[in-house]
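A.B. asks: Got a structure for you, query-v1.tsv, holding TSV, C-alpha atoms and all ligand atoms.
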```tsv
chain	number	residue	atom	x	y	z
A	1	MET	CA	13.98	20.51	-16.84
A	2	GLU	CA	10.93	18.25	-16.60
A	3	LYS	CA	9.10	18.64	-13.30
A	4	SER	CA	8.90	15.61	-11.06
A	5	LEU	CA	5.75	14.74	-9.16
A	6	THR	CA	5.59	12.31	-6.23
A	7	ILE	CA	2.18	11.24	-5.01
A	8	ALA	CA	2.00	9.36	-1.69
A	9	ILE	CA	-1.13	7.33	-1.02
A	10	ASP	CA	-1.71	5.56	2.28
A	11	GLY	CA	-4.61	3.77	3.88
A	12	PRO	CA	-5.77	0.54	5.47
A	13	ALA	CA	-6.42	-2.78	3.71
A	14	ALA	CA	-9.24	-2.74	1.12
A	15	SER	CA	-9.72	1.04	1.34
A	16	GLY	CA	-9.55	1.33	-2.46
A	17	LYS	CA	-6.13	3.02	-2.37
A	18	GLY	CA	-4.59	0.54	-4.82
A	19	THR	CA	-7.23	1.06	-7.50
A	20	LEU	CA	-7.03	4.80	-6.97
A	21	ALA	CA	-3.23	4.78	-7.16
A	22	ARG	CA	-3.30	2.91	-10.49
A	23	ARG	CA	-5.89	5.29	-11.97
A	24	ILE	CA	-3.91	8.33	-10.83
A	25	ALA	CA	-0.63	6.95	-12.19
A	26	ASP	CA	-2.25	6.28	-15.60
A	27	TYR	CA	-3.91	9.68	-15.73
A	28	TYR	CA	-0.79	11.68	-14.82
A	29	HIS	CA	1.59	9.33	-16.73
A	30	LEU	CA	3.60	8.40	-13.66
A	31	GLY	CA	5.24	5.16	-12.56
A	32	HIS	CA	3.33	3.25	-9.89
A	33	LEU	CA	4.52	1.04	-7.04
A	34	ASP	CA	2.18	-0.89	-4.77
A	35	THR	CA	4.57	-1.12	-1.81
A	36	GLY	CA	2.38	-3.77	-0.16
A	37	LEU	CA	3.75	-6.16	-2.79
A	38	THR	CA	7.28	-5.71	-1.42
A	39	TYR	CA	6.19	-6.87	2.07
A	40	ARG	CA	4.14	-9.63	0.47
A	41	ALA	CA	7.22	-10.78	-1.49
A	42	VAL	CA	9.15	-11.18	1.77
A	43	ALA	CA	6.24	-13.08	3.36
A	44	HIS	CA	5.83	-15.28	0.29
A	45	MET	CA	9.47	-16.34	0.36
A	46	MET	CA	9.26	-17.06	4.12
A	47	LEU	CA	6.17	-19.23	3.62
A	48	GLN	CA	7.68	-21.05	0.66
A	49	LYS	CA	10.90	-21.85	2.50
A	50	GLY	CA	9.01	-22.81	5.65
A	51	TRP	CA	10.78	-20.14	7.73
A	52	PRO	CA	8.87	-18.91	10.81
A	53	LEU	CA	7.51	-15.39	10.26
A	54	ASP	CA	9.27	-14.06	13.36
A	55	ASP	CA	12.67	-15.29	12.17
A	56	ASP	CA	14.22	-11.84	11.71
A	57	ALA	CA	17.48	-13.03	10.13
A	58	HIS	CA	15.72	-14.93	7.34
A	59	ALA	CA	13.18	-12.14	6.84
A	60	ILE	CA	16.07	-9.69	6.37
A	61	GLU	CA	17.68	-12.06	3.86
A	62	ALA	CA	14.35	-12.29	1.99
A	63	ALA	CA	13.94	-8.50	2.01
A	64	ARG	CA	17.40	-8.06	0.42
A	65	GLN	CA	16.33	-10.35	-2.41
A	66	VAL	CA	13.15	-8.41	-3.27
A	67	ASP	CA	13.38	-7.21	-6.86
A	68	LEU	CA	10.90	-4.42	-7.68
A	69	GLY	CA	11.06	-5.35	-11.36
A	70	ASN	CA	9.96	-8.87	-10.66
A	71	LEU	CA	6.97	-8.80	-8.29
A	72	ASP	CA	4.52	-11.53	-9.24
A	73	LYS	CA	1.21	-9.91	-8.36
A	74	HIS	CA	-0.74	-13.08	-8.91
A	75	ALA	CA	1.37	-15.28	-6.62
A	76	LEU	CA	1.39	-12.53	-3.98
A	77	SER	CA	-2.36	-11.95	-3.93
A	78	ALA	CA	-3.23	-14.90	-1.63
A	79	HIS	CA	-4.92	-14.09	1.64
A	80	ALA	CA	-2.33	-16.04	3.67
A	81	VAL	CA	0.44	-13.95	2.08
A	82	ALA	CA	-1.28	-10.67	3.06
A	83	ASP	CA	-1.64	-11.78	6.65
A	84	ALA	CA	1.96	-12.98	6.80
A	85	ALA	CA	3.11	-9.69	5.20
A	86	SER	CA	1.69	-7.70	8.10
A	87	LYS	CA	3.73	-9.91	10.46
A	88	VAL	CA	7.09	-9.49	8.71
A	89	ALA	CA	6.30	-5.77	8.30
A	90	VAL	CA	6.90	-5.20	12.03
A	91	ILE	CA	10.61	-6.07	11.69
A	92	PRO	CA	12.49	-2.71	11.54
A	93	GLU	CA	15.43	-3.96	9.42
A	94	VAL	CA	13.03	-5.47	6.86
A	95	ARG	CA	11.31	-2.10	6.62
A	96	ARG	CA	14.63	-0.26	6.26
A	97	ILE	CA	15.70	-2.47	3.34
A	98	LEU	CA	12.34	-2.22	1.56
A	99	VAL	CA	11.99	1.52	2.17
A	100	ASP	CA	15.40	2.05	0.49
A	101	LYS	CA	14.18	0.21	-2.62
A	102	GLN	CA	10.89	2.12	-2.58
A	103	ARG	CA	12.70	5.48	-2.37
A	104	THR	CA	14.84	4.55	-5.37
A	105	PHE	CA	11.62	3.86	-7.29
A	106	ALA	CA	10.12	7.18	-6.14
A	107	ALA	CA	13.18	9.06	-7.39
A	108	GLN	CA	12.68	8.04	-11.05
A	109	PRO	CA	12.59	10.88	-13.60
A	110	GLY	CA	9.14	12.43	-13.88
A	111	GLY	CA	8.03	11.08	-10.54
A	112	ALA	CA	5.81	8.28	-9.27
A	113	VAL	CA	2.76	7.25	-7.33
A	114	LEU	CA	3.46	4.98	-4.36
A	115	ASP	CA	0.76	3.42	-2.25
A	116	GLY	CA	1.11	1.70	1.11
A	117	ARG	CA	0.93	2.39	4.83
A	118	ASP	CA	3.87	4.72	5.53
A	119	ILE	CA	4.50	6.52	2.25
A	120	GLY	CA	3.53	10.02	3.39
A	121	THR	CA	5.03	9.58	6.85
A	122	VAL	CA	8.29	7.69	6.18
A	123	VAL	CA	9.08	6.74	2.57
A	124	CYS	CA	8.33	10.07	0.84
A	125	PRO	CA	7.67	12.66	3.56
A	126	GLU	CA	8.55	15.41	1.04
A	127	ALA	CA	5.86	14.36	-1.47
A	128	PRO	CA	3.85	17.43	-2.49
A	129	VAL	CA	0.67	15.35	-2.70
A	130	LYS	CA	-0.34	13.01	0.11
A	131	LEU	CA	-3.65	11.22	0.22
A	132	TYR	CA	-4.95	9.13	3.10
A	133	VAL	CA	-7.69	6.89	1.73
A	134	THR	CA	-9.98	5.21	4.17
A	135	ALA	CA	-13.44	3.67	4.59
A	136	SER	CA	-15.25	1.99	7.45
A	137	ALA	CA	-14.18	-1.58	8.22
A	138	GLU	CA	-17.69	-2.79	7.29
A	139	VAL	CA	-17.58	-1.15	3.86
A	140	ARG	CA	-14.08	-2.49	3.24
A	141	ALA	CA	-15.15	-6.01	4.20
A	142	ALA	CA	-18.17	-5.83	1.87
A	143	ARG	CA	-15.91	-4.66	-1.00
A	144	ARG	CA	-13.43	-7.44	-0.34
A	145	LEU	CA	-16.27	-10.00	-0.38
A	146	ARG	CA	-17.56	-8.60	-3.69
A	147	ASP	CA	-14.04	-8.91	-5.14
A	148	ILE	CA	-13.69	-12.50	-4.00
A	149	GLU	CA	-17.14	-13.45	-5.32
A	150	GLY	CA	-16.44	-11.59	-8.57
A	151	ARG	CA	-13.49	-13.93	-9.08
A	152	GLY	CA	-15.72	-16.97	-8.45
A	153	GLY	CA	-14.56	-17.52	-4.86
A	154	HIS	CA	-16.48	-17.89	-1.59
A	155	ALA	CA	-15.95	-16.36	1.83
A	156	GLY	CA	-17.94	-15.25	4.87
A	157	LEU	CA	-18.46	-11.55	5.58
A	158	ALA	CA	-17.87	-11.95	9.34
A	159	GLU	CA	-14.58	-13.74	8.75
A	160	ILE	CA	-13.39	-11.04	6.32
A	161	LEU	CA	-14.37	-8.30	8.75
A	162	ASP	CA	-12.43	-10.02	11.54
A	163	ASP	CA	-9.43	-10.32	9.31
A	164	ILE	CA	-9.54	-6.65	8.28
A	165	ARG	CA	-9.82	-5.53	11.90
A	166	ARG	CA	-6.91	-7.75	12.92
A	167	ARG	CA	-4.71	-6.36	10.14
A	168	ASP	CA	-5.73	-2.74	10.96
A	169	GLU	CA	-4.75	-3.32	14.56
A	170	ARG	CA	-1.38	-4.78	13.60
A	171	ASP	CA	-0.65	-2.03	11.03
A	172	MET	CA	-1.78	0.86	13.23
A	173	GLY	CA	-0.38	-0.53	16.46
A	174	ARG	CA	3.21	-1.42	15.50
A	175	SER	CA	5.97	0.76	16.90
A	176	ASP	CA	7.96	1.16	13.65
A	177	SER	CA	6.11	3.23	11.00
A	178	PRO	CA	2.51	2.62	12.12
A	179	LEU	CA	-0.27	3.35	9.66
A	180	LYS	CA	-1.49	6.90	10.22
A	181	PRO	CA	-2.18	9.94	8.07
A	182	ALA	CA	0.74	12.35	7.61
A	183	ALA	CA	0.02	15.72	9.23
A	184	ASP	CA	-0.37	17.30	5.77
A	185	ALA	CA	-2.28	14.43	4.11
A	186	HIS	CA	-5.65	15.03	2.43
A	187	LEU	CA	-8.18	12.62	3.89
A	188	LEU	CA	-10.44	10.78	1.48
A	189	ASP	CA	-13.16	8.73	3.16
A	190	THR	CA	-14.55	6.51	0.40
A	191	SER	CA	-17.20	4.78	2.57
A	192	GLU	CA	-19.98	6.47	0.61
A	193	MET	CA	-18.06	7.05	-2.63
A	194	SER	CA	-17.78	5.12	-5.88
A	195	ILE	CA	-14.26	4.65	-7.24
A	196	GLU	CA	-15.19	7.19	-9.94
A	197	ALA	CA	-16.13	9.78	-7.30
A	198	ALA	CA	-12.97	9.04	-5.30
A	199	PHE	CA	-10.88	9.46	-8.47
A	200	ARG	CA	-12.54	12.83	-9.21
A	201	ALA	CA	-11.92	14.00	-5.62
A	202	ALA	CA	-8.26	12.90	-5.81
A	203	ARG	CA	-7.78	14.69	-9.13
A	204	ALA	CA	-9.22	17.90	-7.69
A	205	ILE	CA	-6.68	17.70	-4.82
A	206	ILE	CA	-3.74	16.91	-7.13
A	207	ASP	CA	-4.67	19.58	-9.71
A	208	GLY	CA	-4.96	22.09	-6.87
A	209	VAL	CA	-1.43	21.27	-5.70
A	210	LEU	CA	-0.06	21.44	-9.27
A	211	ALA	CA	-1.75	24.81	-9.88
A	212	GLY	CA	-0.17	26.11	-6.67
A	213	GLN	CA	3.28	24.85	-7.77
A	214	ASN	CA	2.96	26.45	-11.20
A	215	ALA	CA	1.89	29.74	-9.68
A	216	SER	CA	4.91	29.89	-7.37
A	301	LIG	O1	-1.33	-3.28	0.94
A	301	LIG	P1	-1.21	-4.76	1.21
A	301	LIG	O2	-2.44	-5.37	1.76
A	301	LIG	O3	-0.68	-5.50	0.04
A	301	LIG	O4	-0.09	-4.86	2.34
A	301	LIG	C1	0.19	-6.06	3.02
A	301	LIG	C2	0.81	-5.73	4.36
A	301	LIG	O5	2.11	-5.15	4.16
A	301	LIG	C3	0.06	-4.67	5.17
A	301	LIG	O6	-0.96	-5.23	5.99
A	301	LIG	C4	1.17	-4.04	6.00
A	301	LIG	O7	1.39	-4.75	7.19
A	301	LIG	C5	2.39	-4.17	5.13
A	301	LIG	N1	2.74	-2.89	4.50
A	301	LIG	C6	3.49	-2.00	5.25
A	301	LIG	N2	3.91	-0.83	4.69
A	301	LIG	C7	3.60	-0.53	3.41
A	301	LIG	C8	2.81	-1.42	2.64
A	301	LIG	C9	2.39	-2.60	3.23
A	301	LIG	O8	3.76	-2.24	6.42
A	301	LIG	N3	4.06	0.61	2.88
```
What is this file in structure tokens?
C.D. replies:
Amino acid sequence: MEKSLTIAIDGPAASGKGTLARRIADYYHLGHLDTGLTYRAVAHMMLQKGWPLDDDAHAIEAARQVDLGNLDKHALSAHAVADAASKVAVIPEVRRILVDKQRTFAAQPGGAVLDGRDIGTVVCPEAPVKLYVTASAEVRAARRLRDIEGRGGHAGLAEILDDIRRRDERDMGRSDSPLKPAADAHLLDTSEMSIEAAFRAARAIIDGVLAGQNAS
């Protein structure tokens, strides 16, 4: 029987975990789910319908409608959607519905890479590989600014830094599934690392786990 590999990647906003997750999924030929998009999809629907973000009943209805096969990355990339996502993400029933969908994705034959905030702690606590990717808030803000400018946009560094700190606080401070490394996660601080170096470090961790599995 083909072996299945689940890789859980968590970390704060703009830590580089998304890029890393995509590279890892390509390299190991695994499916990939950016679970942030599922929370963004709920937020996007709430904003479009004009529903207040603390309207639990409508947020739950929106969460039920999230279709993993139909997440429009482009529409969901807006800054306002990200901020709203971290507000609907505090609603326990929204999380329960989305986590169910994420677990179904993780269970696909062969395995998958999932990235988010609670993958190693809640969604896939049995994953043999868990990475917690982080970087200082200043480095993350500078990367985000470079991204925005690279796409021809404009923004202020101080404003981005504020925004990142606010989102960290909300994600780490909520009572249901706060962002934190799983006890057995490998920490990857990318503050001083290029994406290439982070990818090499992640591969070394994953290959080490795979070698251990094959030996046992
Ligand atoms: O990763 P991304 O920035 O797209 O996530 C948007 C928001 O969705 C996060 O700030 C967080 O509040 C929420 N989220 C979550 N759990 C996940 C993924 C994202 O609570 N697994």
A.B. asks: Any idea what the distance is between CA of Pro128 in chain A and CA of Asp171 in chain A?
C.D. replies: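 Interatomic distance here is 24.1 Å.
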A.B. asks: Hey, which bits of range 3-33 of chain A sit within 12 Å of range 37-61 of chain A, and for each residue what's the closest pair of atoms and how far apart in Å (one decimal), counting all atoms listed in the file, rows by chain and increasing number, as JSON lines?
C.D. replies:
```
{"residue": "A:Gly18", "atom": "CA", "partner": "A:Leu37", "partner_atom": "CA", "distance": 10.9}
{"residue": "A:His32", "atom": "CA", "partner": "A:Leu37", "partner_atom": "CA", "distance": 11.8}
{"residue": "A:Leu33", "atom": "CA", "partner": "A:Leu37", "partner_atom": "CA", "distance": 8.4}
```
A.B. asks: To check your reading of the model: which residues sit at most 6 Å from ligand LIG 301 (chain A) when counting all atoms listed in the file? Write the answer as a PyMOL selection string.
C.D. replies: chain A and resi 13+35-37+39-40+82+85-86+89+116-119+167+171
A.B. asks: From the list A:Ile164, A:Ala127, A:Ala198, A:Ala215, which residue is nearest Ala142 in chain A when using only C-alpha atoms?
C.D. replies: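 That would be A:Ile164, the residue with the smallest distance to Ala142 in chain A.
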A.B. asks: Just the residues within 10 Å of range 99-104 of chain A, please, counting all atoms listed in the file, with nothing from its chain fewer than 2 positions along; format it as a count of residues only.
C.D. replies: 23
A.B. asks: What's the separation between CA of Leu188 in chain A and CA of Lys17 in chain A, in Å to one decimal place?
C.D. replies: 9.7 Å
A.B. asks: By how many Å are CA of Ser191 in chain A and CA of Asp10 in chain A apart?
C.D. replies: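 These atoms are spaced 15.5 Å apart.
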A.B. asks: When you look at Ile148 in chain A with a cut-off of 12 Å (counting all atoms listed in the file), what residues show up, excluding the ones that are within fewer than 5 positions of it in the same chain? I need them as a list of chain:residue names.
C.D. replies: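 Once the adjacent positions are removed, what remains is A:Ala14, A:Ser77, A:Ala78, A:His79, A:Ala141, A:Ala142, A:Arg143, A:Gly153, A:His154, A:Ala155, A:Gly156, A:Leu157, A:Ile160.
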A.B. asks: Atoms to include: C-alpha atoms. Write the selected residues as an mmCIF file, in the frame of the given file.
C.D. replies:
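The resulting file, selection.cif, is reproduced below:
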```cif
data_model
loop_
_atom_site.group_PDB
_atom_site.id
_atom_site.type_symbol
_atom_site.label_atom_id
_atom_site.label_comp_id
_atom_site.auth_asym_id
_atom_site.auth_seq_id
_atom_site.Cartn_x
_atom_site.Cartn_y
_atom_site.Cartn_z
ATOM 1 C CA ALA A 14 -9.240 -2.740 1.120
ATOM 2 C CA SER A 77 -2.360 -11.950 -3.930
ATOM 3 C CA ALA A 78 -3.230 -14.900 -1.630
ATOM 4 C CA HIS A 79 -4.920 -14.090 1.640
ATOM 5 C CA ALA A 141 -15.150 -6.010 4.200
ATOM 6 C CA ALA A 142 -18.170 -5.830 1.870
ATOM 7 C CA ARG A 143 -15.910 -4.660 -1.000
ATOM 8 C CA GLY A 153 -14.560 -17.520 -4.860
ATOM 9 C CA HIS A 154 -16.480 -17.890 -1.590
ATOM 10 C CA ALA A 155 -15.950 -16.360 1.830
ATOM 11 C CA GLY A 156 -17.940 -15.250 4.870
ATOM 12 C CA LEU A 157 -18.460 -11.550 5.580
ATOM 13 C CA ILE A 160 -13.390 -11.040 6.320
#
```
A.B. asks: Pick from A:Val133, A:Ala112, A:Ile205, A:Pro181: nearest to Asp26 in chain A, with all atoms listed in the file counted?
C.D. replies: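 Closest residue, counting all atoms listed in the file: A:Ala112.
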A.B. asks: Do you know which residues are at most 6 Å from Val113 in chain A counting all atoms listed in the file, after dropping those on the same chain fewer than 6 positions away, and could you put them as an MDAnalysis selection string?
C.D. replies: chainID A and resid 6:7 25 32
A.B. asks: I want to know what sits within 12 Å of Ala204 in chain A, based on all atoms listed in the file, with residues of the same chain fewer than 5 positions away left out; could you give that as a list in words?
C.D. replies: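 Here the answer would be Ile24, Val129, Leu131, His186, Leu188, Ala197, Ala198, Phe199, Val209, Leu210 and Ala211 of chain A.
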A.B. asks: Neighbouring residues of Ser136 in chain A were defined as those with any atom within 10 Å, considering all atoms listed in the file; residues of the same chain fewer than 6 positions away were excluded. Please report them as a PyMOL selection string.
C.D. replies: chain A and resi 12+14-15+189-192
A.B. asks: Please produce an output containing C-alpha atoms for each residue in the selection, written as an mmCIF file, in the coordinates of the input.
C.D. replies:
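Result file follows (out_20.cif):
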```cif
data_model
loop_
_atom_site.group_PDB
_atom_site.id
_atom_site.type_symbol
_atom_site.label_atom_id
_atom_site.label_comp_id
_atom_site.auth_asym_id
_atom_site.auth_seq_id
_atom_site.Cartn_x
_atom_site.Cartn_y
_atom_site.Cartn_z
ATOM 1 C CA PRO A 12 -5.770 0.540 5.470
ATOM 2 C CA ALA A 14 -9.240 -2.740 1.120
ATOM 3 C CA SER A 15 -9.720 1.040 1.340
ATOM 4 C CA ASP A 189 -13.160 8.730 3.160
ATOM 5 C CA THR A 190 -14.550 6.510 0.400
ATOM 6 C CA SER A 191 -17.200 4.780 2.570
ATOM 7 C CA GLU A 192 -19.980 6.470 0.610
#
```
A.B. asks: Using only C-alpha atoms, find the one residue out of A:Gly69, A:Pro125, A:Pro109, A:Leu76 that sits nearest to His29 in chain A.
C.D. replies: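 Nearest candidate to His29 in chain A out of A:Gly69, A:Pro125, A:Pro109, A:Leu76: A:Pro109.
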A.B. asks: So, with only C-alpha atoms as the atoms that count, which of A:Ala185, A:Ala62, A:Met193, A:Ile206 lies closest to Val88 in chain A?
C.D. replies: A:Ala62
A.B. asks: For each of A:Ala8, A:Val81, A:Ala137, A:Ala183, take the minimum atom-to-atom distance to Arg166 in chain A, counting all atoms listed in the file, then give the residue where this is smallest.
C.D. replies: A:Ala137
A.B. asks: What would the file be for range 63-112 of chain A if you keep C-alpha atoms and write it as a PDB file, in the first residue's frame?
C.D. replies:
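Output contents, as saved in part38.pdb:
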```
ATOM      1  CA  ALA A  63     -18.749  28.301   6.651  1.00  0.00           C
ATOM      2  CA  ARG A  64     -21.111  25.478   5.579  1.00  0.00           C
ATOM      3  CA  GLN A  65     -21.017  26.826   2.030  1.00  0.00           C
ATOM      4  CA  VAL A  66     -17.215  26.860   1.741  1.00  0.00           C
ATOM      5  CA  ASP A  67     -16.174  24.603  -1.117  1.00  0.00           C
ATOM      6  CA  LEU A  68     -12.491  23.622  -1.005  1.00  0.00           C
ATOM      7  CA  GLY A  69     -12.542  22.961  -4.743  1.00  0.00           C
ATOM      8  CA  ASN A  70     -13.662  26.471  -5.480  1.00  0.00           C
ATOM      9  CA  LEU A  71     -11.540  28.914  -3.461  1.00  0.00           C
ATOM     10  CA  ASP A  72     -10.854  32.025  -5.532  1.00  0.00           C
ATOM     11  CA  LYS A  73      -7.387  32.966  -4.330  1.00  0.00           C
ATOM     12  CA  HIS A  74      -7.419  36.263  -6.147  1.00  0.00           C
ATOM     13  CA  ALA A  75     -10.718  37.513  -4.705  1.00  0.00           C
ATOM     14  CA  LEU A  76      -9.657  36.337  -1.239  1.00  0.00           C
ATOM     15  CA  SER A  77      -6.257  38.036  -1.231  1.00  0.00           C
ATOM     16  CA  ALA A  78      -7.513  41.533  -0.256  1.00  0.00           C
ATOM     17  CA  HIS A  79      -6.206  42.993   2.958  1.00  0.00           C
ATOM     18  CA  ALA A  80      -9.716  43.695   4.283  1.00  0.00           C
ATOM     19  CA  VAL A  81     -10.607  40.025   3.779  1.00  0.00           C
ATOM     20  CA  ALA A  82      -7.560  38.864   5.794  1.00  0.00           C
ATOM     21  CA  ASP A  83      -8.444  41.130   8.679  1.00  0.00           C
ATOM     22  CA  ALA A  84     -12.089  40.061   8.611  1.00  0.00           C
ATOM     23  CA  ALA A  85     -10.986  36.396   8.434  1.00  0.00           C
ATOM     24  CA  SER A  86      -9.192  36.690  11.756  1.00  0.00           C
ATOM     25  CA  LYS A  87     -12.453  38.009  13.264  1.00  0.00           C
ATOM     26  CA  VAL A  88     -14.710  35.202  12.027  1.00  0.00           C
ATOM     27  CA  ALA A  89     -11.974  32.705  12.979  1.00  0.00           C
ATOM     28  CA  VAL A  90     -12.744  33.225  16.684  1.00  0.00           C
ATOM     29  CA  ILE A  91     -16.227  31.667  16.292  1.00  0.00           C
ATOM     30  CA  PRO A  92     -15.922  28.035  17.529  1.00  0.00           C
ATOM     31  CA  GLU A  93     -18.687  26.588  15.304  1.00  0.00           C
ATOM     32  CA  VAL A  94     -17.122  28.206  12.207  1.00  0.00           C
ATOM     33  CA  ARG A  95     -13.829  26.553  13.128  1.00  0.00           C
ATOM     34  CA  ARG A  96     -15.507  23.174  13.698  1.00  0.00           C
ATOM     35  CA  ILE A  97     -17.128  23.229  10.249  1.00  0.00           C
ATOM     36  CA  LEU A  98     -13.942  24.328   8.458  1.00  0.00           C
ATOM     37  CA  VAL A  99     -11.716  21.919  10.400  1.00  0.00           C
ATOM     38  CA  ASP A 100     -13.967  19.020   9.267  1.00  0.00           C
ATOM     39  CA  LYS A 101     -13.470  20.025   5.629  1.00  0.00           C
ATOM     40  CA  GLN A 102      -9.724  20.461   6.152  1.00  0.00           C
ATOM     41  CA  ARG A 103      -9.429  16.987   7.714  1.00  0.00           C
ATOM     42  CA  THR A 104     -11.213  15.450   4.734  1.00  0.00           C
ATOM     43  CA  PHE A 105      -8.629  17.122   2.485  1.00  0.00           C
ATOM     44  CA  ALA A 106      -5.770  15.867   4.690  1.00  0.00           C
ATOM     45  CA  ALA A 107      -7.074  12.297   4.436  1.00  0.00           C
ATOM     46  CA  GLN A 108      -6.631  12.091   0.636  1.00  0.00           C
ATOM     47  CA  PRO A 109      -4.606   9.138  -0.676  1.00  0.00           C
ATOM     48  CA  GLY A 110      -0.873   9.815  -0.590  1.00  0.00           C
ATOM     49  CA  GLY A 111      -1.230  12.605   1.925  1.00  0.00           C
ATOM     50  CA  ALA A 112      -1.128  16.389   1.909  1.00  0.00           C
TER      51      ALA A 112
END
```
